[in-house]
There are 2 protein chains.
Amino acid sequence: MPHNALDALIEALRRLPGVGVKSASRMAYHLLQHDPAGARQLAQALTHAVDSVRHCALCHTFTEHDICTTCQDAARDRSKLCVVETPADQSAVERTLSYKGLYFVLMGKLSPLDGVGVHDIGINRLLQRVENGEVQEVILATNFTANGEMTAHVIGEQLRARGLRVTRLARGVPLGSELEYVDLGTIAHALHDRR
Amino acid sequence: MPHNALDALIEALRRLPGVGVKSASRMAYHLLQHDPAGARQLAQALTHAVDSVRHCALCHTFTEHDICTTCQDAARDRSKLCVVETPADQSAVERTLSYKGLYFVLMGKLSPLDGVGVHDIGINRLLQRVENGEVQEVILATNFTANGEMTAHVIGEQLRARGLRVTRLARGVPLGSELEYVDLGTIAHALHDRR
């Protein structure tokens, strides 16, 4: 255990993802020297968030209510369910303003090398979610990484076995990119899925 | 003001230096999903540090006591005072195990472009600190940046005017480096200060 308040703070800041000992020291010095009000605000926000934030009973994203505001929104198309890995991914889809259905947030992805299997992410919860007959189409929007693709594959198999329509975000050439600099796998997919 | 606990936490995390909105979101999601205990520990450490950490009356570094443990250490050479910009710099000098004198931590540096002048950093406090006649030599160990050099120059002038011996860390070629890749200013200094 660190023997003084400053070392204890540096130690605690290191638990943040992507923060090593040098960043943690810099943060601690900055807060103590220039922003004690910010430190108190952060302490309160942390305690309040840990106390009040839980998971939406329907889509499993973070919320302070039983059902999140998105799932409560009566204007949304309840026949479509977009499956994403994280709330950040959900927010990216939302910002496109081109999707009006509901979401399901896995809060993770399959990652066998890290010991994350089917039971560690919300797949069973997703299977229960689609059982009410309301959902007609599930759009798999997990990331286009090896683990994200695997997650989409596993989920897709199980949903198709239940007779649901399962789609995946289109793969293709990103807007604004030059073919010369796009990786060959992406171009091959774009050729195959040409329209 | 953010309307929910998660947004408030992301907002508070953004006050940390070097943390933008994406990092702050990632930190918030990580703490809520995987490390609520870490979030509580961080909240406590923040409150405790802001409540209990203040400045050493002698060297101005962070401490929970009136006088920090380094300044209290009777085994240290009280005739030498090493002036550094930050506690992190002090810690770097300490880790060399080749300095047994005392320190003075400016908690900043002159930076005219940011509006940081002579009265905003601990220069007056340093001048008071050396007045007791105990200190014989002041070693300027501010950084070798434009602002650090200027800070050393200004402090050095004032201390020399009070008849103190003032030295500066040697400039030269860093250990393990190849001349081909060392900047020319450093080589020029190393030539000039050859021994």
# chains A, B, ... in the order shown; residues from 1 in each chain; ligands from 1
$ closest_atom_pairs --of "chain B" --to "chain A" --cutoff "9 Å" --atoms "only C-alpha atoms" --output "JSON lines"
{"residue": "B:Asn4", "atom": "CA", "partner": "A:Glu64", "partner_atom": "CA", "distance": 7.6}
{"residue": "B:Ala5", "atom": "CA", "partner": "A:Ala49", "partner_atom": "CA", "distance": 5.0}
{"residue": "B:Leu6", "atom": "CA", "partner": "A:Ala49", "partner_atom": "CA", "distance": 6.0}
{"residue": "B:Ala8", "atom": "CA", "partner": "A:Ala45", "partner_atom": "CA", "distance": 6.1}
{"residue": "B:Leu9", "atom": "CA", "partner": "A:Ala45", "partner_atom": "CA", "distance": 4.9}
{"residue": "B:Ile10", "atom": "CA", "partner": "A:Ala45", "partner_atom": "CA", "distance": 8.6}
{"residue": "B:Glu11", "atom": "CA", "partner": "A:Leu42", "partner_atom": "CA", "distance": 8.6}
{"residue": "B:Ala12", "atom": "CA", "partner": "A:Leu42", "partner_atom": "CA", "distance": 4.9}
{"residue": "B:Leu13", "atom": "CA", "partner": "A:Leu42", "partner_atom": "CA", "distance": 6.4}
{"residue": "B:Arg15", "atom": "CA", "partner": "A:Gly38", "partner_atom": "CA", "distance": 6.5}
{"residue": "B:Leu16", "atom": "CA", "partner": "A:Met27", "partner_atom": "CA", "distance": 5.9}
{"residue": "B:Pro17", "atom": "CA", "partner": "A:Met27", "partner_atom": "CA", "distance": 5.9}
{"residue": "B:Gly18", "atom": "CA", "partner": "A:Ser23", "partner_atom": "CA", "distance": 8.4}
{"residue": "B:Lys22", "atom": "CA", "partner": "A:Ala88", "partner_atom": "CA", "distance": 8.5}
{"residue": "B:Ser23", "atom": "CA", "partner": "A:Gly18", "partner_atom": "CA", "distance": 8.4}
{"residue": "B:Ser25", "atom": "CA", "partner": "A:Ala88", "partner_atom": "CA", "distance": 7.4}
{"residue": "B:Arg26", "atom": "CA", "partner": "A:Pro17", "partner_atom": "CA", "distance": 7.6}
{"residue": "B:Met27", "atom": "CA", "partner": "A:Leu16", "partner_atom": "CA", "distance": 5.9}
{"residue": "B:Ala28", "atom": "CA", "partner": "A:Leu46", "partner_atom": "CA", "distance": 8.6}
{"residue": "B:Tyr29", "atom": "CA", "partner": "A:Pro87", "partner_atom": "CA", "distance": 7.9}
{"residue": "B:His30", "atom": "CA", "partner": "A:Pro17", "partner_atom": "CA", "distance": 7.2}
{"residue": "B:Leu31", "atom": "CA", "partner": "A:Leu16", "partner_atom": "CA", "distance": 7.4}
{"residue": "B:Leu32", "atom": "CA", "partner": "A:Val50", "partner_atom": "CA", "distance": 6.3}
{"residue": "B:Gln33", "atom": "CA", "partner": "A:Met107", "partner_atom": "CA", "distance": 7.8}
{"residue": "B:Asp35", "atom": "CA", "partner": "A:Arg15", "partner_atom": "CA", "distance": 8.4}
{"residue": "B:Pro36", "atom": "CA", "partner": "A:Val50", "partner_atom": "CA", "distance": 6.2}
{"residue": "B:Ala37", "atom": "CA", "partner": "A:Val50", "partner_atom": "CA", "distance": 8.8}
{"residue": "B:Gly38", "atom": "CA", "partner": "A:Arg15", "partner_atom": "CA", "distance": 6.5}
{"residue": "B:Ala39", "atom": "CA", "partner": "A:Leu46", "partner_atom": "CA", "distance": 5.9}
{"residue": "B:Arg40", "atom": "CA", "partner": "A:Thr47", "partner_atom": "CA", "distance": 6.1}
{"residue": "B:Gln41", "atom": "CA", "partner": "A:Ala12", "partner_atom": "CA", "distance": 6.3}
{"residue": "B:Leu42", "atom": "CA", "partner": "A:Ala12", "partner_atom": "CA", "distance": 4.9}
{"residue": "B:Ala43", "atom": "CA", "partner": "A:Ala43", "partner_atom": "CA", "distance": 4.0}
{"residue": "B:Gln44", "atom": "CA", "partner": "A:Ala43", "partner_atom": "CA", "distance": 7.0}
{"residue": "B:Ala45", "atom": "CA", "partner": "A:Leu9", "partner_atom": "CA", "distance": 4.9}
{"residue": "B:Leu46", "atom": "CA", "partner": "A:Ala39", "partner_atom": "CA", "distance": 5.9}
{"residue": "B:Thr47", "atom": "CA", "partner": "A:Arg40", "partner_atom": "CA", "distance": 6.1}
{"residue": "B:His48", "atom": "CA", "partner": "A:Ala5", "partner_atom": "CA", "distance": 6.5}
{"residue": "B:Ala49", "atom": "CA", "partner": "A:Ala5", "partner_atom": "CA", "distance": 5.0}
{"residue": "B:Val50", "atom": "CA", "partner": "A:Pro36", "partner_atom": "CA", "distance": 6.1}
{"residue": "B:Ser52", "atom": "CA", "partner": "A:Ala5", "partner_atom": "CA", "distance": 7.2}
{"residue": "B:Val53", "atom": "CA", "partner": "A:Ala5", "partner_atom": "CA", "distance": 6.9}
{"residue": "B:Arg54", "atom": "CA", "partner": "A:Leu32", "partner_atom": "CA", "distance": 8.4}
{"residue": "B:Phe62", "atom": "CA", "partner": "A:Leu6", "partner_atom": "CA", "distance": 7.8}
{"residue": "B:Thr63", "atom": "CA", "partner": "A:Leu6", "partner_atom": "CA", "distance": 7.9}
{"residue": "B:Glu64", "atom": "CA", "partner": "A:Ala5", "partner_atom": "CA", "distance": 7.5}
{"residue": "B:Thr86", "atom": "CA", "partner": "A:Tyr29", "partner_atom": "CA", "distance": 8.4}
{"residue": "B:Pro87", "atom": "CA", "partner": "A:Tyr29", "partner_atom": "CA", "distance": 7.9}
{"residue": "B:Ala88", "atom": "CA", "partner": "A:Ser25", "partner_atom": "CA", "distance": 7.4}
{"residue": "B:Met107", "atom": "CA", "partner": "A:Gln33", "partner_atom": "CA", "distance": 7.8}
$ calpha_fit_and_write --fixed "chain B" --moving "chain A" --output "CSV table (one decimal) with C-alpha atoms, in the first residue's frame"
chain,number,residue,atom,x,y,z
A,1,MET,CA,-24.6,20.6,-17.3
A,2,PRO,CA,-24.7,16.9,-18.3
A,3,HIS,CA,-28.1,15.5,-17.6
A,4,ASN,CA,-27.1,12.0,-16.4
A,5,ALA,CA,-24.5,10.4,-14.2
A,6,LEU,CA,-22.5,8.8,-17.1
A,7,ASP,CA,-22.2,12.0,-19.0
A,8,ALA,CA,-21.2,13.8,-15.8
A,9,LEU,CA,-18.5,11.3,-15.2
A,10,ILE,CA,-17.2,11.6,-18.8
A,11,GLU,CA,-17.2,15.4,-18.4
A,12,ALA,CA,-15.3,15.2,-15.1
A,13,LEU,CA,-12.7,12.7,-16.6
A,14,ARG,CA,-12.0,15.2,-19.4
A,15,ARG,CA,-10.5,17.6,-16.8
A,16,LEU,CA,-7.6,15.3,-16.5
A,17,PRO,CA,-4.6,16.5,-18.6
A,18,GLY,CA,-4.3,14.7,-21.9
A,19,VAL,CA,-7.8,13.1,-21.8
A,20,GLY,CA,-10.2,13.9,-24.6
A,21,VAL,CA,-13.8,12.9,-25.0
A,22,LYS,CA,-13.0,9.5,-26.5
A,23,SER,CA,-10.5,8.5,-23.8
A,24,ALA,CA,-12.8,9.8,-21.1
A,25,SER,CA,-15.7,7.7,-22.5
A,26,ARG,CA,-13.5,4.6,-22.6
A,27,MET,CA,-12.3,5.2,-19.0
A,28,ALA,CA,-15.9,5.7,-17.8
A,29,TYR,CA,-17.2,2.6,-19.6
A,30,HIS,CA,-14.2,0.6,-18.3
A,31,LEU,CA,-14.7,1.7,-14.7
A,32,LEU,CA,-18.5,1.1,-14.7
A,33,GLN,CA,-18.3,-2.2,-16.5
A,34,HIS,CA,-15.2,-3.8,-15.2
A,35,ASP,CA,-13.8,-1.9,-12.2
A,36,PRO,CA,-16.4,-0.2,-9.9
A,37,ALA,CA,-14.1,-0.9,-7.0
A,38,GLY,CA,-11.4,1.0,-8.8
A,39,ALA,CA,-13.8,3.9,-9.3
A,40,ARG,CA,-14.6,4.0,-5.6
A,41,GLN,CA,-10.9,3.8,-4.8
A,42,LEU,CA,-10.1,6.6,-7.2
A,43,ALA,CA,-12.9,8.8,-5.7
A,44,GLN,CA,-11.6,8.2,-2.2
A,45,ALA,CA,-7.9,8.8,-3.2
A,46,LEU,CA,-8.9,12.1,-4.9
A,47,THR,CA,-10.9,13.4,-2.0
A,48,HIS,CA,-8.2,12.3,0.5
A,49,ALA,CA,-5.3,13.9,-1.5
A,50,VAL,CA,-7.1,17.2,-2.1
A,51,ASP,CA,-7.9,17.4,1.6
A,52,SER,CA,-4.5,16.4,3.0
A,53,VAL,CA,-1.8,17.3,0.5
A,54,ARG,CA,-0.3,20.8,0.8
A,55,HIS,CA,3.1,22.4,0.1
A,56,CYS,CA,6.3,21.8,2.1
A,57,ALA,CA,7.1,25.1,3.9
A,58,LEU,CA,10.8,24.7,2.9
A,59,CYS,CA,10.9,23.2,-0.6
A,60,HIS,CA,7.3,23.7,-1.7
A,61,THR,CA,6.8,20.2,-3.0
A,62,PHE,CA,3.7,18.2,-2.2
A,63,THR,CA,3.5,16.8,1.3
A,64,GLU,CA,1.0,15.9,4.0
A,65,HIS,CA,3.1,17.6,6.7
A,66,ASP,CA,4.4,21.1,7.3
A,67,ILE,CA,7.9,20.0,6.2
A,68,CYS,CA,8.3,17.2,3.8
A,69,THR,CA,10.3,14.0,4.7
A,70,THR,CA,13.2,15.0,2.4
A,71,CYS,CA,13.6,18.4,4.0
A,72,GLN,CA,13.4,16.8,7.5
A,73,ASP,CA,16.1,14.2,6.6
A,74,ALA,CA,19.0,15.1,8.9
A,75,ALA,CA,21.4,13.0,6.8
A,76,ARG,CA,21.1,15.5,3.9
A,77,ASP,CA,23.7,18.1,2.9
A,78,ARG,CA,21.9,21.3,3.8
A,79,SER,CA,24.4,23.5,2.0
A,80,LYS,CA,23.2,22.4,-1.4
A,81,LEU,CA,19.8,23.3,-3.0
A,82,CYS,CA,18.7,21.7,-6.3
A,83,VAL,CA,16.0,23.7,-8.0
A,84,VAL,CA,13.6,21.7,-10.2
A,85,GLU,CA,10.4,22.5,-12.0
A,86,THR,CA,8.1,19.7,-10.7
A,87,PRO,CA,8.0,16.8,-8.2
A,88,ALA,CA,8.5,14.4,-11.1
A,89,ASP,CA,11.8,16.2,-11.9
A,90,GLN,CA,12.8,15.9,-8.3
A,91,SER,CA,12.0,12.2,-8.3
A,92,ALA,CA,14.2,11.8,-11.4
A,93,VAL,CA,17.2,13.4,-9.7
A,94,GLU,CA,16.5,11.3,-6.6
A,95,ARG,CA,16.5,8.1,-8.6
A,96,THR,CA,20.1,8.8,-9.7
A,97,LEU,CA,21.2,8.3,-6.1
A,98,SER,CA,24.0,10.8,-6.8
A,99,TYR,CA,22.6,13.8,-5.0
A,100,LYS,CA,22.3,14.1,-1.2
A,101,GLY,CA,21.4,17.8,-0.9
A,102,LEU,CA,18.0,19.4,-0.5
A,103,TYR,CA,15.6,20.6,-3.2
A,104,PHE,CA,13.4,23.5,-4.1
A,105,VAL,CA,10.4,22.7,-6.3
A,106,LEU,CA,9.2,25.7,-8.4
A,107,MET,CA,5.9,23.9,-9.3
A,108,GLY,CA,6.1,25.5,-12.7
A,109,LYS,CA,8.3,27.4,-15.0
A,110,LEU,CA,8.3,30.9,-16.6
A,111,SER,CA,6.2,30.8,-19.7
A,112,PRO,CA,5.4,34.3,-21.0
A,113,LEU,CA,3.3,33.0,-23.9
A,114,ASP,CA,1.0,31.3,-21.3
A,115,GLY,CA,1.0,34.4,-19.1
A,116,VAL,CA,3.2,32.7,-16.4
A,117,GLY,CA,5.5,35.4,-15.0
A,118,VAL,CA,8.0,35.7,-12.2
A,119,HIS,CA,5.3,36.1,-9.6
A,120,ASP,CA,3.3,33.0,-10.7
A,121,ILE,CA,6.0,30.5,-9.8
A,122,GLY,CA,7.9,30.1,-6.5
A,123,ILE,CA,10.8,32.4,-7.3
A,124,ASN,CA,10.2,34.8,-4.4
A,125,ARG,CA,9.7,31.8,-2.1
A,126,LEU,CA,13.1,30.5,-3.3
A,127,LEU,CA,14.8,33.8,-2.6
A,128,GLN,CA,13.4,33.7,1.0
A,129,ARG,CA,14.5,30.1,1.3
A,130,VAL,CA,18.1,30.8,0.6
A,131,GLU,CA,18.2,33.8,3.0
A,132,ASN,CA,19.0,31.8,6.1
A,133,GLY,CA,22.7,31.5,5.2
A,134,GLU,CA,22.7,27.7,5.3
A,135,VAL,CA,22.6,27.2,1.5
A,136,GLN,CA,26.0,27.7,-0.1
A,137,GLU,CA,25.3,26.4,-3.6
A,138,VAL,CA,22.1,26.4,-5.7
A,139,ILE,CA,22.1,23.8,-8.5
A,140,LEU,CA,19.7,24.8,-11.3
A,141,ALA,CA,18.0,21.7,-12.7
A,142,THR,CA,15.1,23.2,-14.6
A,143,ASN,CA,14.4,21.5,-17.9
A,144,PHE,CA,16.6,22.2,-21.0
A,145,THR,CA,13.7,23.6,-22.9
A,146,ALA,CA,13.4,27.3,-23.9
A,147,ASN,CA,11.2,28.0,-20.9
A,148,GLY,CA,13.3,26.0,-18.5
A,149,GLU,CA,16.5,27.7,-19.7
A,150,MET,CA,14.8,31.1,-19.3
A,151,THR,CA,13.7,30.2,-15.8
A,152,ALA,CA,17.2,29.0,-14.9
A,153,HIS,CA,18.6,32.3,-16.3
A,154,VAL,CA,16.2,34.5,-14.3
A,155,ILE,CA,16.7,32.6,-11.1
A,156,GLY,CA,20.5,32.4,-11.6
A,157,GLU,CA,20.7,36.2,-12.0
A,158,GLN,CA,18.8,36.9,-8.8
A,159,LEU,CA,20.7,34.4,-6.7
A,160,ARG,CA,24.1,35.5,-8.0
A,161,ALA,CA,23.2,39.1,-7.1
A,162,ARG,CA,22.8,37.8,-3.5
A,163,GLY,CA,26.3,36.4,-3.6
A,164,LEU,CA,25.4,32.7,-3.8
A,165,ARG,CA,27.2,30.1,-5.8
A,166,VAL,CA,24.9,29.1,-8.7
A,167,THR,CA,25.6,26.0,-11.0
A,168,ARG,CA,23.6,24.4,-13.8
A,169,LEU,CA,23.3,20.7,-14.7
A,170,ALA,CA,25.9,20.0,-17.4
A,171,ARG,CA,24.8,19.9,-21.0
A,172,GLY,CA,26.3,17.2,-23.1
A,173,VAL,CA,25.9,14.1,-25.1
A,174,PRO,CA,23.4,11.6,-23.4
A,175,LEU,CA,24.7,8.2,-22.3
A,176,GLY,CA,24.3,5.5,-25.0
A,177,SER,CA,23.7,8.0,-27.9
A,178,GLU,CA,25.5,8.0,-31.2
A,179,LEU,CA,27.0,11.4,-32.3
A,180,GLU,CA,25.4,11.1,-35.7
A,181,TYR,CA,21.9,11.3,-34.2
A,182,VAL,CA,22.6,13.9,-31.5
A,183,ASP,CA,21.5,17.5,-32.3
A,184,LEU,CA,24.2,19.9,-33.2
A,185,GLY,CA,23.5,22.3,-30.3
A,186,THR,CA,24.1,19.5,-27.9
A,187,ILE,CA,27.4,18.5,-29.6
A,188,ALA,CA,28.5,22.2,-29.6
A,189,HIS,CA,27.9,22.4,-25.9
A,190,ALA,CA,29.7,19.1,-25.2
A,191,LEU,CA,32.7,20.4,-27.2
A,192,HIS,CA,32.7,23.7,-25.3
A,193,ASP,CA,32.4,21.9,-21.9
A,194,ARG,CA,34.9,19.1,-22.7
A,195,ARG,CA,36.9,17.8,-19.8
$ select_by_dssp --residues "segment 23-184 of chain A" --states "strand (DSSP E or B)" --output "VMD selection string"
chain A and resid 54 to 55 62 to 63 77 to 84 101 to 105 111 116 137 to 140 165 to 168
$ write_last_selection --atoms "C-alpha atoms" --output "CSV table (one decimal), in the first residue's frame"
chain,number,residue,atom,x,y,z
A,54,ARG,CA,-26.8,0.1,-14.1
A,55,HIS,CA,-27.7,-1.9,-17.2
A,62,PHE,CA,-25.6,1.9,-19.2
A,63,THR,CA,-28.6,3.7,-17.8
A,77,ASP,CA,-38.9,1.0,-35.0
A,78,ARG,CA,-39.2,-2.0,-32.6
A,79,SER,CA,-38.8,-4.6,-35.3
A,80,LYS,CA,-35.1,-3.8,-35.8
A,81,LEU,CA,-32.4,-4.6,-33.4
A,82,CYS,CA,-28.8,-3.4,-34.0
A,83,VAL,CA,-26.2,-5.4,-32.0
A,84,VAL,CA,-23.0,-3.4,-31.1
A,101,GLY,CA,-34.5,1.0,-34.6
A,102,LEU,CA,-33.5,-0.3,-31.2
A,103,TYR,CA,-30.1,-1.6,-30.0
A,104,PHE,CA,-28.5,-4.4,-28.1
A,105,VAL,CA,-25.2,-3.6,-26.4
A,111,SER,CA,-12.0,-13.0,-27.3
A,116,VAL,CA,-13.8,-14.2,-22.9
A,137,GLU,CA,-34.4,-8.2,-38.1
A,138,VAL,CA,-31.1,-8.2,-36.2
A,139,ILE,CA,-28.4,-6.0,-37.7
A,140,LEU,CA,-24.9,-7.1,-36.6
A,165,ARG,CA,-33.5,-12.3,-40.3
A,166,VAL,CA,-29.9,-11.5,-39.6
A,167,THR,CA,-27.9,-8.8,-41.5
A,168,ARG,CA,-24.4,-7.4,-41.2
$ select_by_dssp --residues "segment 34-185 of chain B" --states "helix (DSSP H, G or I)" --output "MDAnalysis selection string"
chainID B and resid 34 36:52 69:72 87:95 112:114 123:132 146:161 179:181 184:185
